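target_30.pdb (PDB, C-alpha atoms) appears below.
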ATOM      1  CA  MET A   1      -2.147 -24.546  24.503
ATOM      2  CA  ASN A   2      -2.801 -21.643  26.880
ATOM      3  CA  ASP A   3      -6.340 -20.264  26.453
ATOM      4  CA  ASP A   4      -5.217 -16.780  27.533
ATOM      5  CA  PHE A   5      -5.024 -14.519  24.456
ATOM      6  CA  GLY A   6      -1.627 -13.163  25.499
ATOM      7  CA  PRO A   7       0.159  -9.853  24.893
ATOM      8  CA  THR A   8      -0.427  -7.206  22.249
ATOM      9  CA  ILE A   9       2.329  -5.250  20.503
ATOM     10  CA  ASP A  10       2.762  -2.042  18.455
ATOM     11  CA  GLY A  11       4.128  -3.741  15.344
ATOM     12  CA  ILE A  12       7.110  -5.772  14.154
ATOM     13  CA  VAL A  13      10.668  -4.372  13.989
ATOM     14  CA  ILE A  14      11.933  -4.892  10.438
ATOM     15  CA  PRO A  15      15.281  -6.791  10.447
ATOM     16  CA  GLU A  16      18.047  -6.188   7.930
ATOM     17  CA  THR A  17      17.968  -9.797   6.711
ATOM     18  CA  VAL A  18      15.150 -12.237   6.068
ATOM     19  CA  ILE A  19      14.702 -13.790   9.509
ATOM     20  CA  LEU A  20      11.781 -14.487  11.787
ATOM     21  CA  PRO A  21      11.376 -11.366  13.970
ATOM     22  CA  PRO A  22      12.125 -12.043  17.670
ATOM     23  CA  GLU A  23       8.718 -10.663  18.658
ATOM     24  CA  VAL A  24       7.080 -13.597  16.905
ATOM     25  CA  LEU A  25       9.177 -16.066  18.891
ATOM     26  CA  ARG A  26       8.169 -14.359  22.149
ATOM     27  CA  LEU A  27       4.501 -14.463  21.159
ATOM     28  CA  MET A  28       4.393 -18.096  20.020
ATOM     29  CA  PRO A  29       3.057 -19.515  23.334
ATOM     30  CA  TRP A  30      -0.161 -17.554  22.771
ATOM     31  CA  MET A  31      -0.451 -17.864  18.975
ATOM     32  CA  THR A  32      -2.656 -20.362  17.176
ATOM     33  CA  LEU A  33      -1.345 -22.225  14.152
ATOM     34  CA  ALA A  34      -3.465 -20.100  11.799
ATOM     35  CA  GLU A  35      -2.203 -16.879  13.374
ATOM     36  CA  LEU A  36       1.407 -18.052  13.180
ATOM     37  CA  LYS A  37       1.082 -19.096   9.534
ATOM     38  CA  VAL A  38      -0.423 -15.797   8.353
ATOM     39  CA  THR A  39       2.252 -13.933  10.342
ATOM     40  CA  ILE A  40       5.079 -15.894   8.706
ATOM     41  CA  ALA A  41       3.485 -15.356   5.276
ATOM     42  CA  ALA A  42       3.315 -11.596   5.897
ATOM     43  CA  VAL A  43       6.941 -11.504   7.108
ATOM     44  CA  ALA A  44       8.088 -13.385   3.999
ATOM     45  CA  ARG A  45       6.195 -11.011   1.697
ATOM     46  CA  LEU A  46       7.577  -7.926   3.438
ATOM     47  CA  MET A  47      11.207  -9.069   3.372
ATOM     48  CA  GLN A  48      11.408 -10.609  -0.094
ATOM     49  CA  VAL A  49      13.350  -8.736  -2.762
ATOM     50  CA  GLY A  50      10.942  -6.527  -4.689
ATOM     51  CA  GLY A  51       8.174  -7.363  -2.229
ATOM     52  CA  ALA A  52       6.539  -5.085   0.344
ATOM     53  CA  GLU A  53       3.229  -5.459  -1.487
ATOM     54  CA  PRO A  54       0.071  -5.875   0.575
ATOM     55  CA  ILE A  55      -1.432  -9.370   0.666
ATOM     56  CA  THR A  56      -4.989 -10.277  -0.321
ATOM     57  CA  LEU A  57      -7.061 -13.015   1.266
ATOM     58  CA  SER A  58      -6.573 -15.206  -1.802
ATOM     59  CA  GLU A  59      -2.803 -14.805  -1.560
ATOM     60  CA  PHE A  60      -2.912 -15.699   2.137
ATOM     61  CA  GLU A  61      -4.739 -18.907   1.191
ATOM     62  CA  GLN A  62      -2.072 -19.774  -1.387
ATOM     63  CA  LEU A  63       0.861 -18.909   0.903
ATOM     64  CA  THR A  64      -0.442 -20.764   3.974
ATOM     65  CA  GLY A  65      -2.350 -23.653   2.364
ATOM     66  CA  MET A  66      -5.333 -22.938   4.652
ATOM     67  CA  ASP A  67      -8.956 -22.395   3.688
ATOM     68  CA  ARG A  68     -10.518 -18.936   3.879
ATOM     69  CA  LYS A  69     -12.205 -19.534   7.223
ATOM     70  CA  SER A  70      -8.894 -20.455   8.850
ATOM     71  CA  VAL A  71      -7.119 -17.517   7.161
ATOM     72  CA  LEU A  72      -9.741 -15.082   8.490
ATOM     73  CA  ALA A  73      -9.398 -16.531  11.990
ATOM     74  CA  GLY A  74      -5.614 -16.131  11.829
ATOM     75  CA  ILE A  75      -5.881 -12.576  10.473
ATOM     76  CA  GLU A  76      -8.338 -11.603  13.213
ATOM     77  CA  ARG A  77      -5.936 -12.695  15.944
ATOM     78  CA  ALA A  78      -2.917 -11.131  14.196
ATOM     79  CA  MET A  79      -4.751  -7.808  13.836
ATOM     80  CA  THR A  80      -5.910  -7.872  17.445
ATOM     81  CA  ARG A  81      -2.401  -8.685  18.623
ATOM     82  CA  GLY A  82      -0.919  -5.792  16.626
ATOM     83  CA  ILE A  83       0.982  -7.729  13.964
ATOM     84  CA  LEU A  84      -1.159  -7.026  10.872
ATOM     85  CA  ALA A  85      -2.912  -3.922   9.557
ATOM     86  CA  ARG A  86      -5.728  -3.818   7.033
ATOM     87  CA  PHE A  87      -6.274  -1.264   4.235
ATOM     88  CA  GLU A  88      -9.189  -0.649   1.901
ATOM     89  CA  VAL A  89      -8.681  -0.885  -1.857
ATOM     90  CA  THR A  90     -11.386   0.587  -4.074
ATOM     91  CA  GLY A  91     -11.923  -1.643  -7.047
ATOM     92  CA  TYR A  92     -14.162  -1.918 -10.082
ATOM     93  CA  GLN A  93     -17.460   0.036  -9.922
ATOM     94  CA  GLY A  94     -16.735   1.209  -6.370
ATOM     95  CA  HIS A  95     -16.416  -2.270  -4.870
ATOM     96  CA  VAL A  96     -14.228  -2.150  -1.760
ATOM     97  CA  ALA A  97     -11.855  -5.003  -0.977
ATOM     98  CA  HIS A  98      -9.177  -5.266   1.693
ATOM     99  CA  VAL A  99      -5.456  -6.010   1.698
ATOM    100  CA  TYR A 100      -3.196  -6.742   4.656
ATOM    101  CA  GLU A 101       0.419  -6.019   5.584
ATOM    102  CA  MET A 102       2.768  -6.075   8.558
ATOM    103  CA  ARG A 103       2.578  -3.277  11.096
ATOM    104  CA  VAL A 104       6.015  -1.763  11.556
ATOM    105  CA  PHE A 105       7.067  -0.579  15.011
ATOM    106  CA  ILE A 106       8.548   2.933  15.096
ATOM    107  CA  GLY A 107      10.628   3.793  18.142
ATOM    108  CA  GLY A 108      13.629   2.855  20.260
ATOM    109  CA  ASN A 109      13.280   0.228  22.971
ATOM    110  CA  PHE A 110      10.393  -2.116  22.361
ATOM    111  CA  PRO A 111       7.498  -1.419  24.798
ATOM    112  CA  PRO A 112       6.318  -4.110  27.233
ATOM    113  CA  MET A 113       3.697  -6.539  25.955
ATOM    114  CA  THR A 114       0.270  -6.068  27.475
ATOM    115  CA  PRO A 115      -2.109  -9.070  27.710
ATOM    116  CA  LEU A 116      -5.417  -8.556  25.957
ATOM    117  CA  LYS A 117      -8.516 -10.742  26.137
ATOM    118  CA  ASP A 118     -11.131  -8.706  24.273
ATOM    119  CA  LYS A 119     -11.709  -9.779  20.693
ATOM    120  CA  LEU A 120     -12.579  -8.056  17.438
ATOM    121  CA  SER A 121     -16.035  -8.764  16.080
ATOM    122  CA  GLN A 122     -16.361 -10.743  12.871
ATOM    123  CA  ASP A 123     -17.422  -7.511  11.119
ATOM    124  CA  ASP A 124     -13.925  -6.117  11.671
ATOM    125  CA  VAL A 125     -12.277  -8.835   9.584
ATOM    126  CA  ASN A 126     -15.002  -9.815   7.142
ATOM    127  CA  ASP A 127     -13.525  -9.129   3.727
ATOM    128  CA  SER A 128     -16.931  -8.263   2.274
ATOM    129  CA  ASP A 129     -17.509  -5.432   4.772
ATOM    130  CA  SER A 130     -17.045  -2.227   2.797
ATOM    131  CA  SER A 131     -18.568   0.253   5.256
ATOM    132  CA  LYS A 132     -15.392   0.975   7.230
ATOM    133  CA  THR A 133     -11.741   0.220   7.678
ATOM    134  CA  SER A 134     -11.036  -1.095  11.164
ATOM    135  CA  LEU A 135      -7.483  -0.439  12.270
ATOM    136  CA  ASN A 136      -8.412  -0.789  15.942
ATOM    137  CA  LEU A 137      -5.674  -3.296  16.590
ATOM    138  CA  THR A 138      -5.955  -3.335  20.384
ATOM    139  CA  GLY A 139      -9.740  -3.425  20.844
ATOM    140  CA  GLU A 140     -12.157  -0.562  21.488
ATOM    141  CA  SER A 141     -11.625  -0.539  25.233
ATOM    142  CA  ALA A 142      -7.857  -0.204  24.870
ATOM    143  CA  LYS A 143      -8.212   2.442  22.181
ATOM    144  CA  LYS A 144     -10.298   4.721  24.423
ATOM    145  CA  SER A 145      -7.788   4.553  27.242
ATOM    146  CA  GLN A 146      -4.660   4.899  25.077
ATOM    147  CA  SER A 147      -2.998   8.306  25.459
ATOM    148  CA  VAL A 148      -1.602  10.207  22.501
ATOM    149  CA  SER A 149       2.165   9.760  22.557
ATOM    150  CA  GLU A 150       5.080  10.242  20.227
ATOM    151  CA  SER A 151       4.972   6.558  19.369
ATOM    152  CA  GLN A 152       1.296   6.851  18.428
ATOM    153  CA  ARG A 153       2.034   9.955  16.367
ATOM    154  CA  LYS A 154       4.720   8.069  14.481
ATOM    155  CA  SER A 155       2.376   5.173  13.815
ATOM    156  CA  ASP A 156      -0.274   7.594  12.529
ATOM    157  CA  LEU A 157       2.271   9.227  10.240
ATOM    158  CA  VAL A 158       3.315   5.853   8.836
ATOM    159  CA  TYR A 159      -0.334   5.073   8.114
ATOM    160  CA  ARG A 160      -0.826   8.441   6.348
ATOM    161  CA  LEU A 161       2.329   7.900   4.287
ATOM    162  CA  ARG A 162       1.104   4.426   3.331
ATOM    163  CA  LYS A 163      -2.237   5.855   2.194
ATOM    164  CA  ILE A 164      -0.539   8.041  -0.437
ATOM    165  CA  GLY A 165       1.392   5.062  -1.795
ATOM    166  CA  ILE A 166       4.748   5.033   0.031
ATOM    167  CA  PHE A 167       5.955   1.482   0.730
ATOM    168  CA  PRO A 168       6.000   0.257   4.368
ATOM    169  CA  LYS A 169       9.759   0.112   4.860
ATOM    170  CA  THR A 170      10.307   3.545   3.283
ATOM    171  CA  ALA A 171       7.512   5.060   5.385
ATOM    172  CA  ALA A 172       8.983   3.550   8.565
ATOM    173  CA  GLN A 173      12.459   4.883   7.783
ATOM    174  CA  LEU A 174      11.125   8.355   6.979
ATOM    175  CA  VAL A 175       9.364   8.576  10.322
ATOM    176  CA  ALA A 176      12.239   7.056  12.296
ATOM    177  CA  LYS A 177      15.000   9.255  10.850
ATOM    178  CA  ASN A 178      13.345  12.622  10.152
ATOM    179  CA  ASP A 179      11.663  15.431  12.048
ATOM    180  CA  LEU A 180       7.953  14.669  12.460
ATOM    181  CA  ASP A 181       6.887  18.300  12.038
ATOM    182  CA  ARG A 182       8.778  18.431   8.738
ATOM    183  CA  ILE A 183       6.935  15.338   7.524
ATOM    184  CA  GLU A 184       3.618  16.899   8.583
ATOM    185  CA  ARG A 185       4.398  20.075   6.637
ATOM    186  CA  PHE A 186       5.173  18.285   3.403
ATOM    187  CA  LEU A 187       2.214  15.934   3.821
ATOM    188  CA  ALA A 188      -0.002  19.022   3.964
ATOM    189  CA  LEU A 189       1.674  20.421   0.821
ATOM    190  CA  TYR A 190       1.544  17.157  -1.137
ATOM    191  CA  PRO A 191      -2.045  17.543  -2.507
ATOM    192  CA  ILE A 192      -1.189  21.049  -3.752
ATOM    193  CA  ALA A 193       2.027  19.757  -5.320
ATOM    194  CA  LEU A 194       0.015  17.135  -7.213
ATOM    195  CA  ARG A 195      -2.559  19.678  -8.333
ATOM    196  CA  THR A 196       0.078  22.093  -9.641
ATOM    197  CA  LYS A 197       2.083  19.274 -11.334
ATOM    198  CA  ARG A 198       5.024  20.007  -9.046
ATOM    199  CA  ALA A 199       4.761  16.368  -7.965
ATOM    200  CA  ASP A 200       3.746  13.368 -10.044
ATOM    201  CA  GLY A 201       3.780  10.831  -7.224
ATOM    202  CA  PRO A 202       4.816  10.107  -3.623
ATOM    203  CA  GLY A 203       8.495  10.177  -4.608
ATOM    204  CA  TRP A 204       8.266  13.980  -4.392
ATOM    205  CA  LEU A 205       7.340  13.798  -0.717
ATOM    206  CA  VAL A 206      10.144  11.347   0.093
ATOM    207  CA  THR A 207      12.695  13.631  -1.577
ATOM    208  CA  ALA A 208      11.270  16.724   0.096
ATOM    209  CA  VAL A 209      11.540  15.207   3.572
ATOM    210  CA  ILE A 210      15.007  13.694   3.143
ATOM    211  CA  ASN A 211      16.636  16.618   1.320
ATOM    212  CA  LEU A 212      17.174  19.254   4.018
ATOM    213  CA  ASP A 213      17.900  21.858   1.336
ATOM    214  CA  TRP A 214      14.170  21.911   0.680
ATOM    215  CA  ASP A 215      12.684  24.652   2.837
ATOM    216  CA  PRO A 216       8.977  23.940   3.486
ATOM    217  CA  ASP A 217       8.219  27.680   3.720
ATOM    218  CA  LEU A 218       9.820  28.372   0.335
ATOM    219  CA  GLU A 219       8.122  25.310  -1.127
ATOM    220  CA  GLN A 220       4.748  26.500   0.157
ATOM    221  CA  ALA A 221       5.310  29.978  -1.342
ATOM    222  CA  ASP A 222       6.253  28.415  -4.680
ATOM    223  CA  LEU A 223       3.194  26.181  -4.694
ATOM    224  CA  GLU A 224       0.912  29.096  -3.831
ATOM    225  CA  ALA A 225       2.422  31.079  -6.720
ATOM    226  CA  ARG A 226       1.780  28.142  -9.034
ATOM    227  CA  LEU A 227      -1.835  27.994  -7.870
ATOM    228  CA  ILE A 228      -2.291  31.684  -8.596
ATOM    229  CA  GLY A 229      -0.840  31.130 -12.041
ATOM    230  CA  MET A 230      -3.440  28.431 -12.648
ATOM    231  CA  GLN A 231      -6.351  30.774 -11.861
ATOM    232  CA  PRO A 232      -8.614  31.740 -14.805
ATOM    233  CA  GLN A 233      -7.801  34.971 -16.624
ATOM    234  CA  ALA A 234     -10.203  37.909 -16.812
ATOM    235  CA  GLU A 235     -13.670  36.922 -17.997
ATOM    236  CA  GLU A 236     -13.280  38.591 -21.376
ATOM    237  CA  ASN A 237     -10.093  36.640 -22.023
ATOM    238  CA  GLN A 238     -10.775  33.297 -20.339
ATOM    239  CA  PRO A 239      -9.298  30.313 -22.148
ATOM    240  CA  ILE A 240     -11.471  27.371 -23.041
ATOM    241  CA  ALA A 241     -11.014  24.714 -20.376
ATOM    242  CA  VAL A 242      -9.955  21.318 -21.635
ATOM    243  CA  GLU A 243     -11.747  18.662 -19.639
ATOM    244  CA  ALA A 244      -9.993  15.502 -18.573
ATOM    245  CA  PRO A 245     -11.426  12.333 -20.098
ATOM    246  CA  ARG A 246     -14.482  11.114 -18.200
ATOM    247  CA  VAL A 247     -14.060   7.501 -19.242
ATOM    248  CA  LEU A 248     -11.048   5.386 -20.061
ATOM    249  CA  PRO A 249     -10.424   4.496 -23.720
ATOM    250  CA  ALA A 250     -11.640   1.106 -24.885
ATOM    251  CA  ALA A 251      -8.070  -0.152 -25.281
ATOM    252  CA  VAL A 252      -7.279   0.629 -21.647
ATOM    253  CA  LEU A 253     -10.484  -1.009 -20.434
ATOM    254  CA  LYS A 254      -9.662  -4.125 -22.453
ATOM    255  CA  ALA A 255      -6.140  -4.241 -20.995
ATOM    256  CA  LEU A 256      -7.617  -3.966 -17.492
ATOM    257  CA  ARG A 257      -9.990  -6.848 -18.186
ATOM    258  CA  ASP A 258      -7.110  -8.919 -19.544
ATOM    259  CA  ILE A 259      -5.199  -8.640 -16.253
ATOM    260  CA  GLY A 260      -8.299  -9.514 -14.228
ATOM    261  CA  TRP A 261      -9.129  -6.024 -12.925
ATOM    262  CA  ASN A 262     -12.599  -5.957 -11.372
ATOM    263  CA  GLY A 263     -12.469  -2.796  -9.279
ATOM    264  CA  SER A 264     -13.251   0.887  -9.687
ATOM    265  CA  THR A 265     -11.496   2.758 -12.471
ATOM    266  CA  ALA A 266     -11.763   6.192 -10.800
ATOM    267  CA  GLU A 267      -8.166   6.308  -9.559
ATOM    268  CA  ILE A 268      -6.880   4.819 -12.809
ATOM    269  CA  LEU A 269      -8.791   7.469 -14.769
ATOM    270  CA  GLU A 270      -7.199  10.223 -12.669
ATOM    271  CA  SER A 271      -3.727   8.762 -13.246
ATOM    272  CA  TYR A 272      -4.453   8.380 -16.966
ATOM    273  CA  ALA A 273      -5.434  12.056 -17.215
ATOM    274  CA  GLN A 274      -2.102  13.021 -15.615
ATOM    275  CA  ASN A 275       0.239  10.589 -17.386
ATOM    276  CA  LYS A 276      -1.148   8.273 -20.049
ATOM    277  CA  ARG A 277       2.240   6.730 -20.837
ATOM    278  CA  ARG A 278       2.840   5.629 -17.243
ATOM    279  CA  VAL A 279      -0.583   3.923 -16.983
ATOM    280  CA  MET A 280      -0.050   2.072 -20.256
ATOM    281  CA  GLY A 281       3.478   1.109 -19.175
ATOM    282  CA  TRP A 282       2.257  -0.483 -15.943
ATOM    283  CA  LEU A 283      -0.553  -2.278 -17.798
ATOM    284  CA  LYS A 284       1.926  -3.717 -20.292
ATOM    285  CA  TRP A 285       4.316  -4.790 -17.513
ATOM    286  CA  ALA A 286       1.557  -6.320 -15.363
ATOM    287  CA  ALA A 287       0.509  -8.537 -18.270
ATOM    288  CA  THR A 288       3.932 -10.253 -18.043
ATOM    289  CA  GLN A 289       3.434 -11.208 -14.374
ATOM    290  CA  PRO A 290       1.836 -14.422 -13.019
ATOM    291  CA  GLN A 291      -1.881 -14.266 -13.755
ATOM    292  CA  GLU A 292      -3.027 -14.292 -10.124
ATOM    293  CA  TYR A 293      -0.846 -11.266  -9.275
ATOM    294  CA  GLN A 294      -1.366  -9.129 -12.394
ATOM    295  CA  ALA A 295      -4.121  -6.825 -11.095
ATOM    296  CA  ALA A 296      -2.515  -6.286  -7.680
ATOM    297  CA  ARG A 297       0.935  -5.564  -9.099
ATOM    298  CA  PHE A 298      -0.494  -3.135 -11.649
ATOM    299  CA  PHE A 299      -2.350  -1.225  -8.924
ATOM    300  CA  ASN A 300       0.625  -1.099  -6.556
ATOM    301  CA  GLY A 301       2.938  -0.042  -9.358
ATOM    302  CA  LEU A 302       0.591   2.721 -10.461
ATOM    303  CA  ARG A 303       0.307   4.011  -6.898
ATOM    304  CA  SER A 304       4.081   4.042  -6.444
ATOM    305  CA  GLY A 305       4.397   7.061  -8.736
ATOM    306  CA  LEU A 306       7.332   5.417 -10.517
ATOM    307  CA  PRO A 307       7.642   4.573 -14.227
ATOM    308  CA  ALA A 308       6.929   0.977 -15.149
ATOM    309  CA  PRO A 309       9.841  -1.480 -15.550
ATOM    310  CA  ALA A 310      10.907  -2.410 -19.055
ATOM    311  CA  THR A 311       8.817  -5.214 -20.544
ATOM    312  CA  PRO A 312      10.847  -8.248 -21.683
ATOM    313  CA  ARG A 313      10.924  -8.803 -25.416
ATOM    314  CA  ARG A 314       8.791 -11.633 -26.688
ATOM    315  CA  ASP A 315      10.516 -14.750 -27.954
ATOM    316  CA  PRO A 316      10.428 -14.658 -31.793
ATOM    317  CA  GLY A 317      10.180 -18.451 -31.872
ATOM    318  CA  ARG A 318       7.346 -18.709 -29.387
ATOM    319  CA  TYR A 319       4.927 -20.339 -31.856
ATOM    320  CA  VAL A 320       7.313 -22.974 -33.142
ATOM    321  CA  LYS A 321       8.812 -25.813 -31.159
ATOM    322  CA  GLY A 322      11.936 -27.715 -32.035
ATOM    323  CA  PRO A 323      15.531 -26.879 -32.924
ATOM    324  CA  LEU A 324      14.572 -25.196 -36.249
ATOM    325  CA  GLY A 325      12.044 -22.814 -34.705
ATOM    326  CA  LYS A 326      14.381 -19.819 -34.727
ATOM    327  CA  PHE A 327      14.706 -20.062 -38.545
ATOM    328  CA  ILE A 328      10.957 -19.654 -39.084
ATOM    329  CA  GLN A 329       9.765 -16.121 -39.862
ATOM    330  CA  HIS A 330       6.454 -15.072 -38.307
TER     331      HIS A 330
END
Please go through the file and, once you have read it, give me the structure as structure tokens.
Amino acid sequence: MNDDFGPTIDGIVIPETVILPPEVLRLMPWMTLAELKVTIAAVARLMQVGGAEPITLSEFEQLTGMDRKSVLAGIERAMTRGILARFEVTGYQGHVAHVYEMRVFIGGNFPPMTPLKDKLSQDDVNDSDSSKTSLNLTGESAKKSQSVSESQRKSDLVYRLRKIGIFPKTAAQLVAKNDLDRIERFLALYPIALRTKRADGPGWLVTAVINLDWDPDLEQADLEARLIGMQPQAEENQPIAVEAPRVLPAAVLKALRDIGWNGSTAEILESYAQNKRRVMGWLKWAATQPQEYQAARFFNGLRSGLPAPATPRRDPGRYVKGPLGKFIQH
């Protein structure tokens, strides 16, 4: 195997069908087995029906059959090469963990591959490091010399859209097919839309960008009017403020423990204050998923801003085996 690290890229072009992206085939002479296996696992997760969920280290171990040390080595090379990106997830009591997903290239013709020999430090891929999120996928030296371009702006926009909960493929399509200034405008308005209850999730931003009938100037004026309407009345006639719950109810905390949640509840508490039914719906649905995926799928579903899927009805004969089980009343 060639000891030269090989080229770096700006992400993987998402194909229409589940195939191995051609960039991976071109990079194989420089890839280690661990790097190739984590890349294929990430491609499979991204392209599967109902997928596009980030992958944890434990899931990488299950998908590749490698131990954690080998998985970390493969992730380090894939991040340095530009294939994977890492995101922080705040969990129980403020603990920070990391999840990984494919970087998606935004642009026309694919840029030339540039060899890179510098290497990320172990701190950049250590899953227990909670002090920072390193998305320096081409090394510090390359980052300093990289000029700001339209391609970089698109990549930054995709990252910002991902941070508010928009799935990778949707974020990539938004940036590829819509005016970047328009996306910037609605991204700036999104926090105000959430505060004024104009939006209840990232679906509002997707609709606002795609639907050209939405004028960002008119939307901004409407949101500002809503903010004014939320201001307190005169001091002599001020209503009594109703505080949002400071802690989650015991039933919600128990449901979180049942699905294996061990992270921070701050974001869940904020969502619960806005829409209790949606939080309980996602908790109920997550409990029907495979045990190792319950917490992750609950969190991703909650962040999507969408209502939870319908929960399958329980089998009335679940406690009785045999052909006469359905005649037994429980």
Determine the residue set returned by the PyMOL selection byres ((chain A and resi 223) around 8) for the present structure, and present it as a VMD selection string.
chain A and resid 192 to 193 196 198 219 to 222 224 to 227
Nearest candidate to Tyr190 (chain A) (options A:Lys169, A:Arg68, A:Arg160, A:Arg45; using all atoms listed in the file):
A:Arg160
Could you check which of A:Leu174, A:Met47, A:Met28, A:Val99 is closest to Glu59 (chain A), using only C-alpha atoms?
A:Val99
Set the distance at 9 Å and use only C-alpha atoms: which residues neighbour Pro307 (chain A) once local chain neighbours fewer than 4 positions away are removed? I'd like the list as a PDB file with C-alpha atoms, keeping the file's coordinate frame.
ATOM      1  CA  ARG A 277       2.240   6.730 -20.837  1.00  0.00           C
ATOM      2  CA  ARG A 278       2.840   5.629 -17.243  1.00  0.00           C
ATOM      3  CA  VAL A 279      -0.583   3.923 -16.983  1.00  0.00           C
ATOM      4  CA  GLY A 281       3.478   1.109 -19.175  1.00  0.00           C
ATOM      5  CA  TRP A 282       2.257  -0.483 -15.943  1.00  0.00           C
ATOM      6  CA  GLY A 301       2.938  -0.042  -9.358  1.00  0.00           C
ATOM      7  CA  LEU A 302       0.591   2.721 -10.461  1.00  0.00           C
TER       8      LEU A 302
END
Would you mind reading off the distance between CA of Glu270 (chain A) and CA of Asp181 (chain A), one decimal, in Å?
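According to the coordinates, CA of Glu270 (chain A) and CA of Asp181 (chain A) are separated by 29.6 Å.
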Calculate how many Å separate CA of Ser264 (chain A) from CA of Lys197 (chain A), rounding to one decimal.
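Taking CA of Ser264 (chain A) as the start and CA of Lys197 (chain A) as the end point, the length is 24.0 Å.
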Would you translate the PyMOL selection byres ((chain A and resi 85) around 8) into the concrete set of residues it matches in this file, as a VMD selection string?
chain A and resid 79 82 to 84 86 to 87 100 to 103 135 137
Each side padded by 8 Å, which centre and which edge lengths in Å (one decimal) define the axis-aligned box around the listed atoms of region 302-309 of chain A? Give them as lines of an AutoDock Vina configuration file.
center_x = 5.1
center_y = 2.8
center_z = -11.0
size_x = 25.5
size_y = 24.5
size_z = 25.1
Report the distance between CA of Arg162 (chain A) and CA of Thr80 (chain A) in Å, rounded to one decimal place.
20.0 Å
Quick one: apply the PyMOL selection byres ((chain A and resi 176) around 12) to the file and drop the selected residues here as a PyMOL selection string.
chain A and resi 13+104-108+150-151+153-155+157-158+169-175+177-180+183+209-210
Among listed residues A:Val247, A:Ile259, A:Ala296, A:Leu306, nearest Tyr272 (chain A) (using all atoms listed in the file):
A:Val247
Nearest to Pro54 (chain A) among A:Met31, A:Ile166, A:Leu283, A:Ala266, with distances taken over all atoms listed in the file: which residue is it?
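The closest residue to Pro54 (chain A) is A:Ile166.
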